[in-house]
>>> print(open('coords_36.txt').read())   # compact mmCIF, C-alpha atoms
# COMPACT_ATOMS: atom_id res chain seq x y z
CA MET A 249 108.35 81.89 112.73
CA ILE A 250 105.08 79.93 112.65
CA ARG A 251 102.84 81.06 109.81
CA PRO A 252 99.23 81.76 110.83
CA ILE A 253 96.65 79.40 109.43
CA ALA A 254 93.09 79.97 108.37
CA PRO A 255 90.12 78.81 110.45
CA ALA A 256 89.35 75.09 110.23
CA GLY A 257 86.19 75.60 108.20
CA ALA A 258 88.03 77.61 105.59
CA PHE A 259 90.75 74.99 105.41
CA LEU A 260 88.28 72.19 104.78
CA LEU A 261 86.63 74.22 102.05
CA LEU A 262 89.89 74.92 100.25
CA ALA A 263 91.39 71.50 100.83
CA ALA A 264 88.82 70.07 98.43
CA CYS A 265 90.92 71.43 95.59
CA ALA A 266 93.95 69.37 96.59
CA SER A 267 91.90 66.20 96.97
CA ASN A 268 91.01 66.23 93.27
CA GLY A 269 94.58 65.20 92.42
CA GLY A 270 96.31 65.60 89.09
CA ILE A 271 97.97 68.90 90.04
CA ASP A 272 101.76 68.93 89.97
CA ALA A 273 103.72 70.64 92.72
CA ALA A 274 104.64 74.17 91.64
CA CYS A 275 106.02 75.38 94.99
CA ARG A 276 109.02 74.30 97.02
CA ASP A 277 110.77 75.36 100.20
CA ILE A 278 114.36 76.60 99.92
CA ARG A 279 117.00 78.37 101.96
CA PHE A 280 118.89 81.35 100.63
CA GLU A 281 121.55 83.18 102.63
CA GLY A 282 120.21 81.38 105.70
CA THR A 283 116.60 82.56 105.29
CA ARG A 284 113.68 80.23 104.57
CA PHE A 285 111.53 80.93 101.52
CA THR A 286 108.85 79.21 99.53
CA VAL A 287 109.14 79.74 95.78
CA CYS A 288 106.43 78.90 93.24
CA ARG A 289 107.15 78.65 89.53
CA ALA A 290 104.50 79.37 86.92
CA ASP A 291 105.61 77.72 83.68
CA PRO A 292 104.10 79.31 80.54
CA GLN A 293 104.02 75.84 78.95
CA LYS A 294 101.77 74.37 81.64
CA HIS A 295 100.23 77.21 83.66
CA GLU A 296 97.83 80.08 83.12
CA LEU A 297 97.77 83.13 85.40
CA MET A 298 94.88 85.38 86.30
CA LEU A 299 94.17 88.12 88.83
CA VAL A 300 91.11 88.26 91.06
CA ASP A 301 90.10 91.02 93.47
CA LYS A 302 86.35 90.55 93.92
CA GLY A 303 84.21 87.58 94.84
CA LYS A 304 81.13 86.31 93.07
CA ASP A 305 79.08 88.86 95.05
CA GLY A 306 81.10 91.74 93.57
CA ARG A 307 82.72 92.68 96.87
CA PRO A 308 86.48 92.60 97.59
CA MET A 309 87.43 89.00 98.30
CA ARG A 310 90.03 89.68 101.06
CA ASP A 311 91.15 86.01 101.40
CA PHE A 312 91.39 82.73 99.50
CA THR A 313 88.06 81.28 100.64
CA GLY A 314 86.09 83.17 97.97
CA LEU A 315 87.97 81.56 95.10
CA GLU A 316 85.75 78.48 94.76
CA PRO A 317 82.45 80.31 94.08
CA ARG A 318 84.28 82.93 92.00
CA LEU A 319 86.15 80.49 89.74
CA GLY A 320 83.61 77.69 89.46
CA PRO A 321 84.80 74.78 87.27
CA ARG A 322 88.34 76.19 87.03
CA TYR A 323 88.80 75.95 90.80
CA PRO A 324 90.10 72.34 90.92
CA ARG A 325 92.95 73.25 88.53
CA ILE A 326 94.53 75.77 90.91
CA ALA A 327 98.26 75.13 91.33
CA PHE A 328 98.76 77.98 93.82
CA ALA A 329 97.47 81.42 94.78
CA MET A 330 99.17 84.42 96.39
CA ASN A 331 98.35 88.01 97.31
CA ALA A 332 99.34 90.22 94.39
CA GLY A 333 99.64 93.91 95.09
CA MET A 334 98.88 96.71 97.49
CA PHE A 335 95.38 97.84 98.30
CA ASP A 336 93.27 100.45 100.07
CA ALA A 337 91.20 100.07 103.23
CA SER A 338 88.38 98.40 101.29
CA GLY A 339 90.71 95.84 99.73
CA LEU A 340 90.79 97.32 96.22
CA PRO A 341 94.06 97.89 94.31
CA ILE A 342 95.73 101.28 94.71
CA GLY A 343 97.60 101.00 91.42
CA TYR A 344 97.10 99.91 87.84
CA TYR A 345 94.93 96.82 87.74
CA VAL A 346 93.66 94.77 84.80
CA GLU A 347 91.56 91.63 85.15
CA ASP A 348 90.43 89.48 82.21
CA GLY A 349 91.52 92.20 79.80
CA ALA A 350 89.46 94.94 81.48
CA GLU A 351 91.25 97.87 83.10
CA GLN A 352 89.76 98.52 86.53
CA LYS A 353 92.31 101.02 87.86
CA PRO A 354 94.53 103.39 85.82
CA LEU A 355 98.28 103.60 86.16
CA ASN A 356 99.17 105.36 89.42
CA ARG A 357 101.97 107.90 88.80
CA ARG A 358 101.41 109.90 91.98
CA SER A 359 104.08 110.46 94.59
CA GLY A 360 103.50 109.64 98.24
CA PRO A 361 104.75 107.76 101.29
CA GLY A 362 105.20 104.03 101.72
CA ASN A 363 106.66 101.19 99.71
CA PHE A 364 104.26 101.52 96.79
CA HIS A 365 105.51 105.02 96.01
CA MET A 366 109.23 104.21 96.36
CA GLN A 367 110.37 105.06 92.85
CA PRO A 368 110.84 103.27 90.62
CA ASN A 369 107.86 101.07 91.34
CA GLY A 370 106.59 98.68 88.71
CA VAL A 371 104.01 96.56 86.96
CA PHE A 372 103.63 92.80 86.58
CA TRP A 373 101.48 91.90 83.59
CA GLY A 374 100.59 89.31 81.01
CA ASP A 375 99.93 89.79 77.31
CA ALA A 376 100.12 87.80 74.08
CA LYS A 377 103.92 87.69 74.34
CA GLY A 378 104.04 86.26 77.86
CA TRP A 379 104.57 87.49 81.42
CA HIS A 380 106.59 90.57 82.26
CA VAL A 381 107.91 92.81 85.04
CA ALA A 382 109.03 96.37 84.31
CA THR A 383 109.23 99.76 85.96
CA THR A 384 106.09 101.86 85.77
CA ASP A 385 107.86 104.36 83.50
CA ASP A 386 109.00 101.65 81.08
CA PHE A 387 105.56 100.09 81.06
CA ALA A 388 103.92 103.45 80.32
CA LYS A 389 106.31 104.08 77.42
CA ASN A 390 105.82 100.65 75.87
CA LYS A 391 102.31 99.71 76.94
CA PRO A 392 101.01 96.80 74.85
CA ASP A 393 97.76 97.11 72.93
CA HIS A 394 96.06 94.35 74.89
CA VAL A 395 96.93 93.59 78.51
CA ARG A 396 95.36 90.38 79.78
CA PHE A 397 96.09 91.03 83.44
CA ALA A 398 98.22 93.50 85.39
CA THR A 399 98.99 94.65 88.90
CA GLN A 400 101.07 97.66 89.92
CA SER A 401 103.09 97.60 93.12
CA GLY A 402 106.34 98.82 94.56
CA PRO A 403 109.13 99.11 94.91
CA MET A 404 110.91 97.24 92.16
CA LEU A 405 113.40 94.89 93.82
CA LEU A 406 115.53 94.33 90.73
CA ILE A 407 115.86 96.33 87.52
CA ASP A 408 117.92 94.62 84.82
CA GLY A 409 119.72 92.62 87.49
CA GLN A 410 120.55 95.62 89.67
CA LEU A 411 119.09 96.25 93.13
CA HIS A 412 116.67 99.15 93.40
CA PRO A 413 118.85 102.23 94.03
CA LYS A 414 117.11 103.02 97.32
CA LEU A 415 117.41 99.52 98.79
CA ALA A 416 120.27 98.65 101.13
CA GLU A 417 122.17 95.41 100.59
CA ASN A 418 121.22 94.32 104.10
CA GLY A 419 118.79 96.81 105.58
CA THR A 420 117.39 96.72 109.10
CA SER A 421 113.73 96.64 108.00
CA LEU A 422 112.72 92.99 108.27
CA GLN A 423 109.28 91.67 107.28
CA VAL A 424 107.64 88.58 105.90
CA ARG A 425 107.48 89.61 102.24
CA ASN A 426 106.36 88.35 98.85
CA ALA A 427 107.31 89.31 95.32
CA VAL A 428 107.28 88.23 91.68
CA GLY A 429 110.02 88.03 89.09
CA VAL A 430 110.20 86.80 85.51
CA GLY A 431 113.07 84.58 84.42
CA LEU A 432 114.89 84.67 81.11
CA ASN A 433 112.96 81.58 80.00
CA GLY A 434 109.63 83.32 80.56
CA SER A 435 108.69 81.57 83.80
CA ALA A 436 107.15 83.71 86.54
CA TRP A 437 108.62 83.14 89.99
CA PHE A 438 106.50 83.96 93.02
CA ALA A 439 108.39 83.96 96.31
CA ILE A 440 107.34 84.43 99.91
CA SER A 441 109.66 84.55 102.89
CA ASN A 442 108.83 82.20 105.74
CA GLU A 443 110.53 84.50 108.21
CA PRO A 444 111.29 88.24 108.24
CA VAL A 445 113.77 89.26 105.53
CA SER A 446 115.39 92.47 104.29
CA PHE A 447 114.63 93.96 100.89
CA GLY A 448 118.24 93.44 99.81
CA ARG A 449 118.33 89.72 100.56
CA PHE A 450 114.94 89.25 98.96
CA ALA A 451 116.16 90.98 95.79
CA ARG A 452 119.27 88.79 95.67
CA LEU A 453 117.09 85.68 95.91
CA PHE A 454 115.54 86.56 92.57
CA ARG A 455 118.81 87.55 90.94
CA ASP A 456 121.21 84.94 92.28
CA ARG A 457 118.98 81.90 92.89
CA LEU A 458 116.00 82.29 90.55
CA ALA A 459 117.81 83.99 87.64
CA ALA A 460 115.09 86.63 87.33
CA PRO A 461 116.67 89.98 86.34
CA ASP A 462 113.52 91.99 87.06
CA ALA A 463 111.48 91.53 90.23
CA LEU A 464 108.62 93.44 91.83
CA TYR A 465 107.75 93.61 95.51
CA LEU A 466 104.10 92.70 96.09
CA ASP A 467 103.62 93.26 99.82
CA GLY A 468 104.86 92.58 103.32
CA ALA A 469 103.39 91.64 106.69
CA VAL A 470 100.12 90.56 105.02
CA SER A 471 101.86 88.22 102.55
CA ARG A 472 99.91 84.99 102.03
CA LEU A 473 100.28 81.78 100.01
CA TRP A 474 97.87 78.97 99.27
CA ASP A 475 99.55 75.83 97.93
CA PRO A 476 96.94 73.06 97.63
CA VAL A 477 99.50 70.34 96.86
CA SER A 478 101.32 70.82 100.17
CA ASP A 479 98.14 71.75 102.09
CA ARG A 480 99.62 75.12 102.97
CA LEU A 481 97.00 77.78 103.58
CA ASP A 482 98.20 81.03 105.15
CA GLY A 483 95.69 83.02 107.15
CA GLY A 484 95.82 86.35 108.92
CA ALA A 485 94.94 89.92 108.06
CA PRO A 486 92.74 90.56 105.00
CA ILE A 487 94.52 90.85 101.66
CA GLY A 488 93.75 92.58 98.37
CA PRO A 489 94.21 91.33 94.79
CA ILE A 490 95.09 87.66 94.36
CA VAL A 491 97.10 86.01 91.58
CA VAL A 492 95.96 82.49 90.74
CA ALA A 493 98.00 79.95 88.79
CA PHE A 494 96.05 77.22 87.00
CA GLN A 495 97.59 74.04 85.67
CA THR A 496 96.52 73.68 82.04
CA ARG A 497 98.33 70.47 81.10
>>> encode(input="coords_36.txt", output="structure tokens")
Amino acid sequence: MIRPIAPAGAFLLLAACASNGGIDAACRDIRFEGTRFTVCRADPQKHELMLVDKGKDGRPMRDFTGLEPRLGPRYPRIAFAMNAGMFDASGLPIGYYVEDGAEQKPLNRRSGPGNFHMQPNGVFWGDAKGWHVATTDDFAKNKPDHVRFATQSGPMLLIDGQLHPKLAENGTSLQVRNAVGVGLNGSAWFAISNEPVSFGRFARLFRDRLAAPDALYLDGAVSRLWDPVSDRLDGGAPIGPIVVAFQTR
């Protein structure tokens, strides 16, 4: 499948980041069980993560083009960016959301239809101890005193190395999807499928290839990646919250 690209003007604006040089490749293309994926590794020794959902004007950003005015001098250090959680019609998160230490949306424990509400869902967050993925229930029971960033989404793909109990090993629902998992060494793995994939295969990618025992589904159909090093800039339908990885050394 050919990934949609952003308009030429947007590409030229964002490409300026890559032209600054000095940023190491964090993303690579792989095949797993015959399906093409791009996986991006955030290394806690060399990367910093943050979440962004609004532009400099205070309105939902909806794509990657608002990152430059929003991030200012930090913009040239971007290693990659990806959509990071489900959102409402206005582009705002529908679940727990923390940005720069400030809680903007409370934990969503409501039941309902759709992937977000497929229990257990989960939270991806960062605190003084590192980056983490856990079920919403586990997060609520052991919530840290200070959360630096957090996004709630669903369903969990993996819980302690086991597939989500409601996910089939090879289901018939196929979508372009993206997700995040945290490895045993503390690295955060962000993966996006480059063709439609089942939940089961996507979960196994994290467990069997990336060695991440806990993984959280971020979204499907609207999944987007910006990788400045490879000049990849996915376009398409508007997105919601964005996770940004900065190279710090």
>>> residues_around(input="coords_36.txt", residues="Ala388 (chain A)", least_positions_apart="6", cutoff="12 Å", atoms="all atoms listed in the file", output="list in words")
Tyr344, Pro354, Leu355, Asn356, Arg357, Asn369, Gly370, Val371, Ala382 and Gln400 of chain A
>>> residues_around(input="coords_36.txt", residues="Gln423 (chain A)", least_positions_apart="6", cutoff="9 Å", atoms="only C-alpha atoms", output="number ranges by chain")
A: 441, 443-447, 468-469
>>> closest_residue(input="coords_36.txt", among="A:Phe450, A:Phe328, A:Phe387, A:Trp379", to="Asp482 (chain A)", atoms="only C-alpha atoms")
A:Phe328
>>> closest_residue(input="coords_36.txt", among="A:Pro476, A:Pro461, A:Pro413, A:Pro292", to="Pro324 (chain A)", atoms="all atoms listed in the file")
A:Pro476
>>> residues_around(input="coords_36.txt", residues="Ala485 (chain A)", least_positions_apart="3", cutoff="10 Å", atoms="only C-alpha atoms", output="PyMOL selection string")
chain A and resi 252+310-311+469-472+482
>>> write_last_selection(input="coords_36.txt", atoms="C-alpha atoms", output="short mmCIF file (atom, residue, chain, number, x, y, z; two decimals), keeping the file's coordinate frame")
data_model
loop_
_atom_site.label_atom_id
_atom_site.label_comp_id
_atom_site.auth_asym_id
_atom_site.auth_seq_id
_atom_site.Cartn_x
_atom_site.Cartn_y
_atom_site.Cartn_z
CA PRO A 252 99.23 81.76 110.83
CA ARG A 310 90.03 89.68 101.06
CA ASP A 311 91.15 86.01 101.40
CA ALA A 469 103.39 91.64 106.69
CA VAL A 470 100.12 90.56 105.02
CA SER A 471 101.86 88.22 102.55
CA ARG A 472 99.91 84.99 102.03
CA ASP A 482 98.20 81.03 105.15
#
>>> atom_distance(input="coords_36.txt", atom1="CA of His380 (chain A)", atom2="CA of Thr399 (chain A)")
10.9 Å
>>> residues_near_point(input="coords_36.txt", point="(94.6, 71.8, 82.3)", cutoff="12 Å", atoms="only C-alpha atoms", output="ChimeraX atom specification")
/A:270-272,293-296,321-327,493-497
>>> write_last_selection(input="coords_36.txt", atoms="C-alpha atoms", output="CSV table (one decimal), in the coordinates of the input")
chain,number,residue,atom,x,y,z
A,270,GLY,CA,96.3,65.6,89.1
A,271,ILE,CA,98.0,68.9,90.0
A,272,ASP,CA,101.8,68.9,90.0
A,293,GLN,CA,104.0,75.8,79.0
A,294,LYS,CA,101.8,74.4,81.6
A,295,HIS,CA,100.2,77.2,83.7
A,296,GLU,CA,97.8,80.1,83.1
A,321,PRO,CA,84.8,74.8,87.3
A,322,ARG,CA,88.3,76.2,87.0
A,323,TYR,CA,88.8,76.0,90.8
A,324,PRO,CA,90.1,72.3,90.9
A,325,ARG,CA,93.0,73.2,88.5
A,326,ILE,CA,94.5,75.8,90.9
A,327,ALA,CA,98.3,75.1,91.3
A,493,ALA,CA,98.0,80.0,88.8
A,494,PHE,CA,96.0,77.2,87.0
A,495,GLN,CA,97.6,74.0,85.7
A,496,THR,CA,96.5,73.7,82.0
A,497,ARG,CA,98.3,70.5,81.1
>>> closest_residue(input="coords_36.txt", among="A:Ile407, A:Ala439, A:Met309, A:Val346", to="Asp375 (chain A)", atoms="all atoms listed in the file")
A:Val346
>>> closest_residue(input="coords_36.txt", among="A:Val300, A:Leu464, A:Leu453, A:Val424", to="Pro403 (chain A)", atoms="only C-alpha atoms")
A:Leu464
>>> atom_distance(input="coords_36.txt", atom1="CA of Arg449 (chain A)", atom2="CA of Met330 (chain A)")
20.3 Å
>>> closest_residue(input="coords_36.txt", among="A:Gly409, A:Pro368, A:Gly333, A:Gly349", to="Val430 (chain A)", atoms="all atoms listed in the file")
A:Gly409
>>> decode(input="coords_36.txt", residues="region 299-382 of chain A", atoms="C-alpha atoms", output="mmCIF file, in the first residue's frame")
data_model
loop_
_atom_site.group_PDB
_atom_site.id
_atom_site.type_symbol
_atom_site.label_atom_id
_atom_site.label_comp_id
_atom_site.auth_asym_id
_atom_site.auth_seq_id
_atom_site.Cartn_x
_atom_site.Cartn_y
_atom_site.Cartn_z
ATOM 1 C CA LEU A 299 3.352 14.915 24.031
ATOM 2 C CA VAL A 300 1.759 17.769 22.111
ATOM 3 C CA ASP A 301 -1.909 18.245 21.236
ATOM 4 C CA LYS A 302 -2.251 21.986 20.615
ATOM 5 C CA GLY A 303 -0.377 24.415 18.419
ATOM 6 C CA LYS A 304 1.095 27.750 19.390
ATOM 7 C CA ASP A 305 -2.341 29.309 18.799
ATOM 8 C CA GLY A 306 -3.900 27.048 21.447
ATOM 9 C CA ARG A 307 -5.996 25.090 18.966
ATOM 10 C CA PRO A 308 -5.701 21.334 18.297
ATOM 11 C CA MET A 309 -2.724 20.802 16.007
ATOM 12 C CA ARG A 310 -4.204 17.947 13.884
ATOM 13 C CA ASP A 311 -0.973 17.284 11.893
ATOM 14 C CA PHE A 312 2.812 17.610 12.070
ATOM 15 C CA THR A 313 3.081 21.009 10.379
ATOM 16 C CA GLY A 314 2.340 22.897 13.609
ATOM 17 C CA LEU A 315 5.346 21.449 15.421
ATOM 18 C CA GLU A 316 7.871 24.063 14.292
ATOM 19 C CA PRO A 317 6.102 27.147 15.733
ATOM 20 C CA ARG A 318 5.018 25.143 18.793
ATOM 21 C CA LEU A 319 8.455 23.765 19.676
ATOM 22 C CA GLY A 320 10.674 26.652 18.621
ATOM 23 C CA PRO A 321 14.398 26.005 19.231
ATOM 24 C CA ARG A 322 13.790 22.344 20.101
ATOM 25 C CA TYR A 323 12.349 21.648 16.657
ATOM 26 C CA PRO A 324 15.656 20.815 14.879
ATOM 27 C CA ARG A 325 16.362 18.056 17.437
ATOM 28 C CA ILE A 326 13.297 15.996 16.496
ATOM 29 C CA ALA A 327 14.209 12.358 15.834
ATOM 30 C CA PHE A 328 10.649 11.328 14.942
ATOM 31 C CA ALA A 329 7.002 12.089 15.678
ATOM 32 C CA MET A 330 3.882 9.911 15.636
ATOM 33 C CA ASN A 331 0.197 10.199 16.474
ATOM 34 C CA ALA A 332 -0.278 9.144 20.086
ATOM 35 C CA GLY A 333 -3.789 8.321 21.174
ATOM 36 C CA MET A 334 -7.452 8.548 20.324
ATOM 37 C CA PHE A 335 -9.328 11.811 20.114
ATOM 38 C CA ASP A 336 -12.726 13.438 19.747
ATOM 39 C CA ALA A 337 -14.142 15.309 16.755
ATOM 40 C CA SER A 338 -12.206 18.445 17.698
ATOM 41 C CA GLY A 339 -8.900 16.582 17.908
ATOM 42 C CA LEU A 340 -8.592 16.566 21.706
ATOM 43 C CA PRO A 341 -7.743 13.387 23.680
ATOM 44 C CA ILE A 342 -10.660 11.273 24.894
ATOM 45 C CA GLY A 343 -8.642 9.687 27.686
ATOM 46 C CA TYR A 344 -6.120 10.581 30.355
ATOM 47 C CA TYR A 345 -3.681 13.129 29.016
ATOM 48 C CA VAL A 346 -0.726 14.850 30.669
ATOM 49 C CA GLU A 347 1.563 17.311 28.908
ATOM 50 C CA ASP A 348 4.623 18.912 30.517
ATOM 51 C CA GLY A 349 3.492 17.657 33.918
ATOM 52 C CA ALA A 350 0.022 19.227 33.679
ATOM 53 C CA GLU A 351 -3.028 16.958 33.608
ATOM 54 C CA GLN A 352 -5.382 18.108 30.857
ATOM 55 C CA LYS A 353 -7.810 15.174 30.840
ATOM 56 C CA PRO A 354 -8.636 12.820 33.745
ATOM 57 C CA LEU A 355 -8.425 9.055 33.558
ATOM 58 C CA ASN A 356 -11.321 7.718 31.474
ATOM 59 C CA ARG A 357 -12.858 4.673 33.213
ATOM 60 C CA ARG A 358 -16.147 4.746 31.310
ATOM 61 C CA SER A 359 -17.439 1.841 29.257
ATOM 62 C CA GLY A 360 -18.468 2.263 25.641
ATOM 63 C CA PRO A 361 -18.025 1.058 22.069
ATOM 64 C CA GLY A 362 -14.878 1.060 19.976
ATOM 65 C CA ASN A 363 -11.259 0.120 20.450
ATOM 66 C CA PHE A 364 -10.567 2.659 23.191
ATOM 67 C CA HIS A 365 -13.103 1.024 25.502
ATOM 68 C CA MET A 366 -12.005 -2.571 24.821
ATOM 69 C CA GLN A 367 -10.983 -3.565 28.338
ATOM 70 C CA PRO A 368 -8.334 -3.638 29.489
ATOM 71 C CA ASN A 369 -7.164 -0.464 27.830
ATOM 72 C CA GLY A 370 -4.053 1.286 29.054
ATOM 73 C CA VAL A 371 -1.762 4.231 29.621
ATOM 74 C CA PHE A 372 1.649 5.124 28.224
ATOM 75 C CA TRP A 373 3.492 7.575 30.451
ATOM 76 C CA GLY A 374 6.811 8.963 31.536
ATOM 77 C CA ASP A 375 7.978 9.815 35.045
ATOM 78 C CA ALA A 376 11.227 10.114 36.989
ATOM 79 C CA LYS A 377 11.758 6.352 36.726
ATOM 80 C CA GLY A 378 11.424 6.170 32.939
ATOM 81 C CA TRP A 379 8.804 5.239 30.355
ATOM 82 C CA HIS A 380 6.011 2.779 31.037
ATOM 83 C CA VAL A 381 2.971 0.992 29.609
ATOM 84 C CA ALA A 382 0.341 -0.525 31.903
#
